[in-house]
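*Asks:* Following this line is run_6.cif, made up of mmCIF, C-alpha atoms:
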```cif
data_my_file
loop_
_atom_site.label_atom_id
_atom_site.label_comp_id
_atom_site.auth_asym_id
_atom_site.auth_seq_id
_atom_site.Cartn_x
_atom_site.Cartn_y
_atom_site.Cartn_z
CA MET A 1 -132.00 -34.72 193.84
CA GLN A 2 -128.79 -32.68 194.16
CA ASN A 3 -126.97 -31.62 190.99
CA TYR A 4 -123.46 -31.30 192.47
CA ILE A 5 -121.99 -34.56 193.76
CA LYS A 6 -118.62 -34.34 195.50
CA LEU A 7 -116.90 -37.72 195.86
CA LYS A 8 -114.52 -39.24 198.39
CA PRO A 9 -111.51 -41.08 196.89
CA VAL A 10 -110.80 -44.77 197.39
CA PHE A 11 -107.10 -45.53 197.91
CA LYS A 12 -105.20 -48.57 196.67
CA GLN A 13 -101.97 -49.83 198.20
CA MET A 14 -99.63 -51.09 195.47
CA ILE A 15 -96.19 -52.68 195.55
CA TRP A 16 -94.98 -49.99 193.12
CA GLY A 17 -96.77 -47.05 194.80
CA GLY A 18 -95.26 -44.17 196.75
CA ASN A 19 -96.25 -41.08 198.74
CA GLN A 20 -96.63 -38.49 195.98
CA LEU A 21 -100.43 -38.59 196.07
CA LYS A 22 -100.44 -37.84 199.79
CA GLN A 23 -97.82 -35.11 199.49
CA THR A 24 -99.25 -33.42 196.40
CA PHE A 25 -102.96 -33.55 197.21
CA ASN A 26 -102.89 -33.84 201.02
CA PHE A 27 -104.93 -37.02 200.87
CA LYS A 28 -105.53 -38.63 204.26
CA VAL A 29 -104.31 -42.18 203.65
CA PRO A 30 -103.63 -44.65 206.48
CA PHE A 31 -100.84 -46.56 204.67
CA ASP A 32 -97.70 -46.08 202.57
CA HIS A 33 -97.11 -47.20 198.97
CA VAL A 34 -100.27 -45.53 197.70
CA GLY A 35 -100.42 -46.53 194.05
CA GLU A 36 -103.84 -45.26 193.08
CA ALA A 37 -106.56 -42.87 194.24
CA TRP A 38 -109.89 -43.80 192.63
CA LEU A 39 -111.48 -40.35 192.48
CA VAL A 40 -114.68 -41.16 190.59
CA SER A 41 -115.54 -44.83 190.88
CA ALA A 42 -118.62 -47.02 190.71
CA HIS A 43 -116.50 -50.15 190.42
CA PRO A 44 -117.26 -53.01 192.86
CA GLU A 45 -113.59 -53.16 193.90
CA GLY A 46 -113.78 -49.61 195.26
CA ALA A 47 -116.84 -47.41 194.94
CA SER A 48 -116.73 -43.69 195.79
CA LYS A 49 -118.95 -42.27 198.52
CA VAL A 50 -120.80 -38.99 198.19
CA GLU A 51 -119.35 -36.33 200.51
CA ASN A 52 -122.00 -33.63 200.35
CA GLY A 53 -125.70 -32.83 200.33
CA GLU A 54 -128.72 -35.05 200.81
CA LEU A 55 -126.88 -38.04 199.31
CA LYS A 56 -123.91 -37.84 201.70
CA GLY A 57 -122.65 -41.32 202.57
CA GLU A 58 -124.31 -43.01 199.58
CA LEU A 59 -122.24 -45.06 197.14
CA LEU A 60 -121.91 -43.71 193.61
CA PRO A 61 -123.19 -46.89 191.86
CA ASP A 62 -126.34 -46.83 194.01
CA VAL A 63 -126.92 -43.14 193.30
CA TYR A 64 -126.39 -43.68 189.58
CA ARG A 65 -128.88 -46.54 189.41
CA GLN A 66 -131.51 -44.84 191.56
CA TYR A 67 -131.35 -41.49 189.76
CA ARG A 68 -130.22 -42.70 186.35
CA ASN A 69 -132.39 -40.28 184.36
CA ASN A 70 -130.76 -37.31 186.06
CA PHE A 71 -127.34 -38.13 184.58
CA GLY A 72 -128.23 -38.00 180.90
CA PRO A 73 -129.91 -39.90 178.05
CA GLY A 74 -129.98 -43.67 177.69
CA SER A 75 -130.88 -46.45 180.09
CA ASN A 76 -127.56 -48.19 180.85
CA CYS A 77 -127.27 -48.28 184.65
CA ASP A 78 -123.56 -49.16 184.64
CA PHE A 79 -121.52 -46.03 185.35
CA PRO A 80 -119.51 -45.29 182.18
CA PHE A 81 -116.00 -44.54 183.42
CA LEU A 82 -113.49 -44.68 186.26
CA ILE A 83 -111.18 -41.76 187.11
CA LYS A 84 -107.93 -42.28 189.00
CA MET A 85 -104.68 -40.66 189.94
CA ILE A 86 -101.68 -43.00 189.80
CA ASP A 87 -98.28 -42.59 191.48
CA ALA A 88 -95.59 -44.77 189.90
CA ASN A 89 -92.80 -44.83 192.49
CA GLN A 90 -91.46 -47.87 190.62
CA ASP A 91 -92.03 -49.14 187.09
CA LEU A 92 -95.45 -50.73 186.65
CA SER A 93 -95.77 -54.09 184.95
CA VAL A 94 -95.80 -54.19 181.16
CA GLN A 95 -99.45 -54.89 180.43
CA VAL A 96 -102.34 -54.79 178.00
CA HIS A 97 -106.14 -54.59 178.27
CA PRO A 98 -108.88 -56.32 176.24
CA ASP A 99 -111.59 -54.72 174.15
CA ASP A 100 -115.30 -55.06 174.88
CA ALA A 101 -115.81 -58.14 172.71
CA TYR A 102 -113.00 -60.16 174.30
CA ALA A 103 -113.85 -59.01 177.83
CA LYS A 104 -117.51 -59.95 177.41
CA GLN A 105 -116.71 -63.40 176.04
CA HIS A 106 -113.87 -64.35 178.37
CA GLU A 107 -114.28 -62.22 181.51
CA ASN A 108 -118.00 -61.39 181.57
CA GLY A 109 -116.95 -57.77 181.80
CA ARG A 110 -116.09 -54.61 179.90
CA GLY A 111 -113.00 -53.80 177.92
CA LYS A 112 -110.61 -51.15 179.11
CA TYR A 113 -109.90 -48.08 177.00
CA GLU A 114 -107.87 -45.58 179.02
CA SER A 115 -106.23 -42.18 178.67
CA TRP A 116 -103.53 -40.47 180.70
CA VAL A 117 -102.62 -36.85 181.45
CA PHE A 118 -99.15 -36.64 183.00
CA LEU A 119 -99.13 -34.54 186.17
CA LYS A 120 -95.49 -35.11 187.19
CA THR A 121 -92.43 -36.72 185.66
CA ASP A 122 -88.75 -37.01 186.47
CA ALA A 123 -86.34 -34.97 184.37
CA ASP A 124 -85.60 -38.08 182.31
CA GLY A 125 -89.17 -39.39 182.43
CA ARG A 126 -90.16 -42.13 180.03
CA LEU A 127 -93.09 -44.36 179.16
CA CYS A 128 -93.34 -47.86 177.71
CA LEU A 129 -95.70 -47.45 174.76
CA GLY A 130 -96.11 -50.13 172.10
CA HIS A 131 -93.46 -52.57 170.93
CA ASN A 132 -91.10 -53.45 168.09
CA ALA A 133 -92.47 -56.85 167.07
CA GLN A 134 -93.99 -57.10 163.60
CA SER A 135 -96.44 -59.86 164.55
CA VAL A 136 -97.96 -61.57 167.56
CA GLU A 137 -95.78 -64.60 166.79
CA GLU A 138 -92.62 -62.48 166.86
CA PHE A 139 -93.80 -60.85 170.09
CA GLU A 140 -94.22 -64.30 171.69
CA THR A 141 -90.79 -65.42 170.48
CA MET A 142 -89.05 -62.34 171.86
CA ILE A 143 -90.78 -62.81 175.24
CA ALA A 144 -89.67 -66.47 175.33
CA GLN A 145 -86.11 -65.32 174.58
CA LYS A 146 -86.36 -62.62 177.28
CA ARG A 147 -85.39 -59.94 174.74
CA TYR A 148 -87.32 -57.27 176.59
CA ASP A 149 -84.96 -54.42 175.69
CA ASP A 150 -85.34 -55.20 171.99
CA LEU A 151 -89.08 -55.80 172.22
CA LEU A 152 -90.41 -52.96 174.34
CA ARG A 153 -90.64 -49.43 173.00
CA TYR A 154 -89.95 -46.44 175.27
CA ILE A 155 -90.62 -42.77 174.57
CA PRO A 156 -89.68 -39.63 176.57
CA ILE A 157 -92.49 -38.10 178.58
CA GLU A 158 -92.96 -34.81 180.44
CA LYS A 159 -95.57 -33.00 182.51
CA GLY A 160 -98.64 -32.12 180.47
CA ASP A 161 -98.25 -34.92 177.93
CA VAL A 162 -101.40 -36.81 176.98
CA VAL A 163 -101.53 -40.46 175.93
CA ASP A 164 -104.52 -42.35 174.56
CA LEU A 165 -104.45 -46.13 175.13
CA PRO A 166 -106.96 -48.13 173.10
CA PRO A 167 -107.41 -51.78 174.10
CA GLY A 168 -104.60 -53.95 172.77
CA THR A 169 -101.89 -51.31 173.35
CA VAL A 170 -98.88 -52.66 175.26
CA HIS A 171 -97.85 -50.11 177.88
CA ALA A 172 -96.31 -49.42 181.29
CA LEU A 173 -95.93 -46.34 183.45
CA CYS A 174 -92.34 -45.86 184.54
CA GLU A 175 -90.75 -44.77 187.79
CA GLY A 176 -91.16 -41.13 188.76
CA THR A 177 -94.42 -40.41 186.95
CA MET A 178 -97.84 -39.40 188.23
CA VAL A 179 -100.90 -39.35 186.02
CA TYR A 180 -104.59 -38.55 185.90
CA GLU A 181 -106.33 -41.48 184.25
CA CYS A 182 -109.81 -41.77 182.76
CA GLN A 183 -110.81 -45.25 181.64
CA GLN A 184 -113.75 -47.48 180.98
CA ASN A 185 -115.28 -48.80 184.19
CA SER A 186 -113.22 -52.00 184.15
CA ASN A 187 -110.26 -53.46 186.02
CA ILE A 188 -109.18 -56.20 183.60
CA THR A 189 -105.41 -56.20 183.15
CA TYR A 190 -103.16 -58.80 181.52
CA ARG A 191 -99.55 -58.64 182.76
CA ILE A 192 -96.89 -59.48 180.19
CA TYR A 193 -93.69 -58.76 182.13
CA ASP A 194 -93.07 -57.69 185.72
CA TYR A 195 -89.26 -57.65 186.08
CA ASP A 196 -89.39 -60.90 188.12
CA ARG A 197 -90.84 -58.83 190.96
CA LYS A 198 -92.18 -60.64 194.02
CA ASP A 199 -95.32 -59.87 196.00
CA GLN A 200 -95.59 -59.39 199.76
CA ASP A 201 -95.65 -63.17 200.21
CA GLY A 202 -92.39 -63.60 198.32
CA LYS A 203 -94.02 -65.12 195.24
CA LEU A 204 -93.49 -63.98 191.66
CA ARG A 205 -96.45 -61.86 190.54
CA GLU A 206 -98.82 -63.63 188.19
CA LEU A 207 -98.48 -63.08 184.44
CA HIS A 208 -101.22 -63.52 181.83
CA LEU A 209 -99.29 -64.11 178.62
CA GLU A 210 -101.88 -66.30 176.90
CA GLN A 211 -104.60 -63.68 177.30
CA ALA A 212 -102.22 -60.85 176.41
CA LEU A 213 -101.20 -62.51 173.15
CA ALA A 214 -104.87 -62.91 172.28
CA VAL A 215 -105.62 -59.19 172.61
CA LEU A 216 -102.45 -57.21 171.84
CA LYS A 217 -102.01 -55.29 168.59
CA ALA A 218 -99.04 -56.04 166.34
CA PRO A 219 -97.35 -54.15 164.89
CA ASP A 220 -98.03 -51.21 167.21
CA LYS A 221 -95.98 -48.02 167.60
CA PRO A 222 -98.36 -45.36 168.97
CA GLU A 223 -97.31 -41.81 169.84
CA LYS A 224 -98.30 -39.18 172.39
CA LEU A 225 -101.23 -36.99 171.40
CA LYS A 226 -100.35 -33.57 170.05
CA HIS A 227 -101.30 -30.57 172.19
CA ARG A 228 -104.50 -28.90 171.06
CA SER A 229 -106.16 -25.58 171.82
CA ASP A 230 -108.31 -25.07 174.92
CA LEU A 231 -111.37 -25.27 172.70
CA GLN A 232 -110.60 -28.84 171.63
CA PRO A 233 -110.60 -31.95 173.83
CA LEU A 234 -107.31 -33.43 175.01
CA VAL A 235 -108.84 -36.81 174.21
CA HIS A 236 -111.88 -37.87 172.22
CA ASN A 237 -112.64 -41.57 171.86
CA PRO A 238 -115.76 -43.77 171.63
CA TYR A 239 -116.21 -43.80 175.43
CA PHE A 240 -115.33 -40.34 176.77
CA SER A 241 -113.76 -36.96 176.06
CA LEU A 242 -111.28 -35.09 178.26
CA PHE A 243 -110.92 -31.32 178.41
CA GLN A 244 -108.45 -29.17 180.33
CA LYS A 245 -109.46 -25.69 181.49
CA ALA A 246 -107.34 -23.02 183.11
CA VAL A 247 -109.29 -20.83 185.53
CA GLU A 248 -107.48 -17.52 185.97
CA ASP A 249 -110.27 -15.58 187.62
CA GLU A 250 -113.61 -16.66 186.21
CA LEU A 251 -114.58 -19.11 183.48
CA THR A 252 -118.05 -20.06 182.27
CA LEU A 253 -118.92 -23.33 180.52
CA LEU A 254 -122.24 -24.32 179.03
CA MET A 255 -123.61 -27.79 179.82
CA ASP A 256 -125.50 -30.06 177.43
CA ASP A 257 -127.58 -33.15 178.25
CA VAL A 258 -124.78 -35.30 179.75
CA PHE A 259 -123.15 -35.10 183.20
CA VAL A 260 -119.46 -34.21 183.58
CA ALA A 261 -116.78 -35.06 186.15
CA LEU A 262 -114.52 -32.19 187.22
CA THR A 263 -111.15 -32.79 188.90
CA VAL A 264 -108.88 -29.99 190.13
CA ILE A 265 -105.25 -30.89 189.44
CA GLU A 266 -103.79 -27.52 190.52
CA GLY A 267 -105.10 -24.68 192.68
CA GLU A 268 -108.67 -24.37 193.88
CA THR A 269 -111.92 -23.06 192.50
CA TYR A 270 -115.62 -22.66 193.12
CA ILE A 271 -118.08 -24.53 190.91
CA ASN A 272 -121.19 -22.31 191.03
CA THR A 273 -120.35 -21.50 194.69
CA HIS A 274 -119.37 -25.12 195.54
CA PRO A 275 -115.69 -25.21 196.62
CA LEU A 276 -113.36 -27.71 194.94
CA ARG A 277 -109.69 -27.98 195.93
CA GLN A 278 -106.65 -29.63 194.41
CA GLY A 279 -107.18 -33.39 194.16
CA GLU A 280 -110.96 -33.20 194.63
CA SER A 281 -113.60 -34.35 192.13
CA MET A 282 -117.23 -33.43 191.59
CA LEU A 283 -119.97 -34.61 189.25
CA VAL A 284 -122.16 -31.89 187.78
CA LEU A 285 -125.50 -33.07 186.38
CA PRO A 286 -127.10 -31.72 183.19
CA ALA A 287 -129.89 -29.92 185.05
CA VAL A 288 -127.16 -27.34 185.66
CA LYS A 289 -127.19 -25.37 182.43
CA GLU A 290 -124.08 -23.30 183.10
CA ILE A 291 -120.91 -23.92 185.11
CA LYS A 292 -119.22 -20.82 186.45
CA MET A 293 -115.75 -21.51 187.87
CA GLN A 294 -114.08 -18.86 190.01
CA GLY A 295 -110.57 -18.83 191.47
CA LYS A 296 -107.20 -19.94 190.12
CA ALA A 297 -107.01 -23.57 189.09
CA THR A 298 -106.35 -26.13 186.41
CA VAL A 299 -109.35 -28.41 185.95
CA LEU A 300 -109.71 -31.65 184.00
CA ILE A 301 -113.22 -32.40 182.78
CA ALA A 302 -114.33 -35.90 181.77
CA LYS A 303 -117.48 -36.25 179.71
CA PRO A 304 -118.96 -39.64 178.77
CA SER A 305 -120.00 -40.28 175.20
CA VAL A 306 -123.73 -40.58 174.58
CA GLU A 307 -123.05 -44.06 173.13
CA SER A 308 -121.57 -45.24 176.45
CA LEU A 309 -124.79 -44.27 178.25
CA VAL A 310 -127.21 -46.16 175.99
#
```
Let's see the structure in the file written out as structure tokens.
*Replies:*
Amino acid sequence: MQNYIKLKPVFKQMIWGGNQLKQTFNFKVPFDHVGEAWLVSAHPEGASKVENGELKGELLPDVYRQYRNNFGPGSNCDFPFLIKMIDANQDLSVQVHPDDAYAKQHENGRGKYESWVFLKTDADGRLCLGHNAQSVEEFETMIAQKRYDDLLRYIPIEKGDVVDLPPGTVHALCEGTMVYECQQNSNITYRIYDYDRKDQDGKLRELHLEQALAVLKAPDKPEKLKHRSDLQPLVHNPYFSLFQKAVEDELTLLMDDVFVALTVIEGETYINTHPLRQGESMLVLPAVKEIKMQGKATVLIAKPSVESLV
């Protein structure tokens, strides 16, 4: 069983997508309006294929189930997270995601906790994060009155900012932003407002206000995460941790008993002699005791929590 698993992205065409992912990372995509690149995915709506070694051509969920013990402790055969890059050429819908309990009861699925690292923003970049209602009832009233400007809360955003989005947080990426996203392995989204935007068939896009009201937090005025040192994670939540490492020449990291997912967001590097370029992702399994990165690159590292593997 190989210990370095390079993955091929799955691309998603979105009404709000653009061409930044193709231009920035030289992705070979056969269509325009690329909204998302699913870099590390075992989700049934778009599973990554292995690009290297003896497992080349295999789907990540199949590899994870077949070789589960090689990835870390626990016995849960559902891959713990989903890693994407998102290009918001237009504003995304204002939305919210459920927690595990609601998703299990109503969707027979997982909740969706997600975190963003901003890779690009416009000079006047902004993000919809939280809202100004003091209760769910007030939120519903303001939606009915179409008082979106009063209701929705926007904050300035710039490259390098990090945002943690627990379930129940109302949010929307805005035009001109590109992010790296790590999230629970779920695709449950409840749209609250979509600017009366129409789909390719000329119909208004579906909203899910009843479900959104059942799961959103109120009041809720979250903030961006404060920058931390390289020794601390960008994000640490019950499902995963994110670290950012700058490789200037050579950098060595010690592994523990859990796999990690490495994504190069700038430059290129070698992972113990395995090349990894900008936009590419690789899983490194815990049998590898030490990761030596060589080159010049900025690397994001996602590590699942032990609890998410049980």
*Asks:* Considering only C-alpha atoms, tabulate each residue of region 35-83 of chain A that lies at most 12 Å from region 260-278 of chain A along with its nearest interatomic pair and the corresponding distance in Å to one decimal; arrange the rows by chain and ascending residue number and present them as CSV.
*Replies:*
```
residue,atom,partner,partner_atom,distance
A:Trp38,CA,A:Thr263,CA,11.7
A:Leu39,CA,A:Thr263,CA,8.4
A:Val40,CA,A:Ala261,CA,7.8
A:Ser41,CA,A:Ala261,CA,10.9
A:Glu51,CA,A:Leu276,CA,11.9
A:Asn52,CA,A:His274,CA,10.1
A:Gly53,CA,A:His274,CA,11.1
A:Asn70,CA,A:Val260,CA,12.0
A:Phe71,CA,A:Val260,CA,8.9
A:Gly72,CA,A:Val260,CA,9.9
A:Phe79,CA,A:Ala261,CA,12.0
A:Pro80,CA,A:Val260,CA,11.2
A:Phe81,CA,A:Ala261,CA,9.9
A:Leu82,CA,A:Ala261,CA,10.2
A:Ile83,CA,A:Ala261,CA,8.8
```
*Asks:* Since we have the selection now, will you write its residues out, keeping C-alpha atoms, as a PDB file, keeping the file's coordinate frame?
*Replies:*
```pdb
ATOM      1  CA  TRP A  38    -109.890 -43.800 192.630  1.00  0.00           C
ATOM      2  CA  LEU A  39    -111.480 -40.350 192.480  1.00  0.00           C
ATOM      3  CA  VAL A  40    -114.680 -41.160 190.590  1.00  0.00           C
ATOM      4  CA  SER A  41    -115.540 -44.830 190.880  1.00  0.00           C
ATOM      5  CA  GLU A  51    -119.350 -36.330 200.510  1.00  0.00           C
ATOM      6  CA  ASN A  52    -122.000 -33.630 200.350  1.00  0.00           C
ATOM      7  CA  GLY A  53    -125.700 -32.830 200.330  1.00  0.00           C
ATOM      8  CA  ASN A  70    -130.760 -37.310 186.060  1.00  0.00           C
ATOM      9  CA  PHE A  71    -127.340 -38.130 184.580  1.00  0.00           C
ATOM     10  CA  GLY A  72    -128.230 -38.000 180.900  1.00  0.00           C
ATOM     11  CA  PHE A  79    -121.520 -46.030 185.350  1.00  0.00           C
ATOM     12  CA  PRO A  80    -119.510 -45.290 182.180  1.00  0.00           C
ATOM     13  CA  PHE A  81    -116.000 -44.540 183.420  1.00  0.00           C
ATOM     14  CA  LEU A  82    -113.490 -44.680 186.260  1.00  0.00           C
ATOM     15  CA  ILE A  83    -111.180 -41.760 187.110  1.00  0.00           C
TER      16      ILE A  83
END
```
*Asks:* Show me the residues close to (-117.4, -40.1, 199.8) - anything with an atom within 6 Å, counting only C-alpha atoms - and format the list as a list in words.
*Replies:*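 Here the neighbourhood of the point contains Leu7, Lys8, Ser48, Lys49, Val50 and Glu51 of chain A.
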*Asks:* Go through the shown structure with the PyMOL selection byres ((chain A and resi 230-244) around 8) and write out the matching residues as a list in words.
*Replies:*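 With the PyMOL selection byres ((chain A and resi 230-244) around 8) on this model, the match is Pro80, Phe81, Tyr113, Ser115, Val162, Asp164, Gln184, Leu225, His227, Arg228, Ser229, Lys245, Ala246, Thr298, Val299, Leu300, Ile301, Ala302, Lys303, Pro304, Ser305, Glu307 and Ser308 of chain A.
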*Asks:* Identify which of the residues A:Lys226, A:Arg191, A:Lys159, A:Lys12 lies closest to Ala123 (chain A), counting only C-alpha atoms when measuring atom-to-atom distances.
*Replies:*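 For Ala123 (chain A), the nearest of the given residues is A:Lys159.
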*Asks:* Between CA of Tyr4 (chain A) and CA of Arg110 (chain A), what is the distance in Å, rounded to a tenth?
*Replies:*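 Computing the Euclidean distance for CA of Tyr4 (chain A) and CA of Arg110 (chain A) yields 27.5 Å.
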*Asks:* Given the file shown, enumerate the residues that the PyMOL selection byres ((chain A and resi 100) around 12) captures and present them as a list in words.
*Replies:* His97, Pro98, Asp99, Ala101, Tyr102, Ala103, Lys104, Gln105, His106, Glu107, Asn108, Gly109, Arg110, Gly111, Lys112, Tyr113, Pro166, Pro167, Gly168, Gln184, Asn185, Ser186, Ile188, Val215, Pro238, Tyr239 and Ser308 of chain A
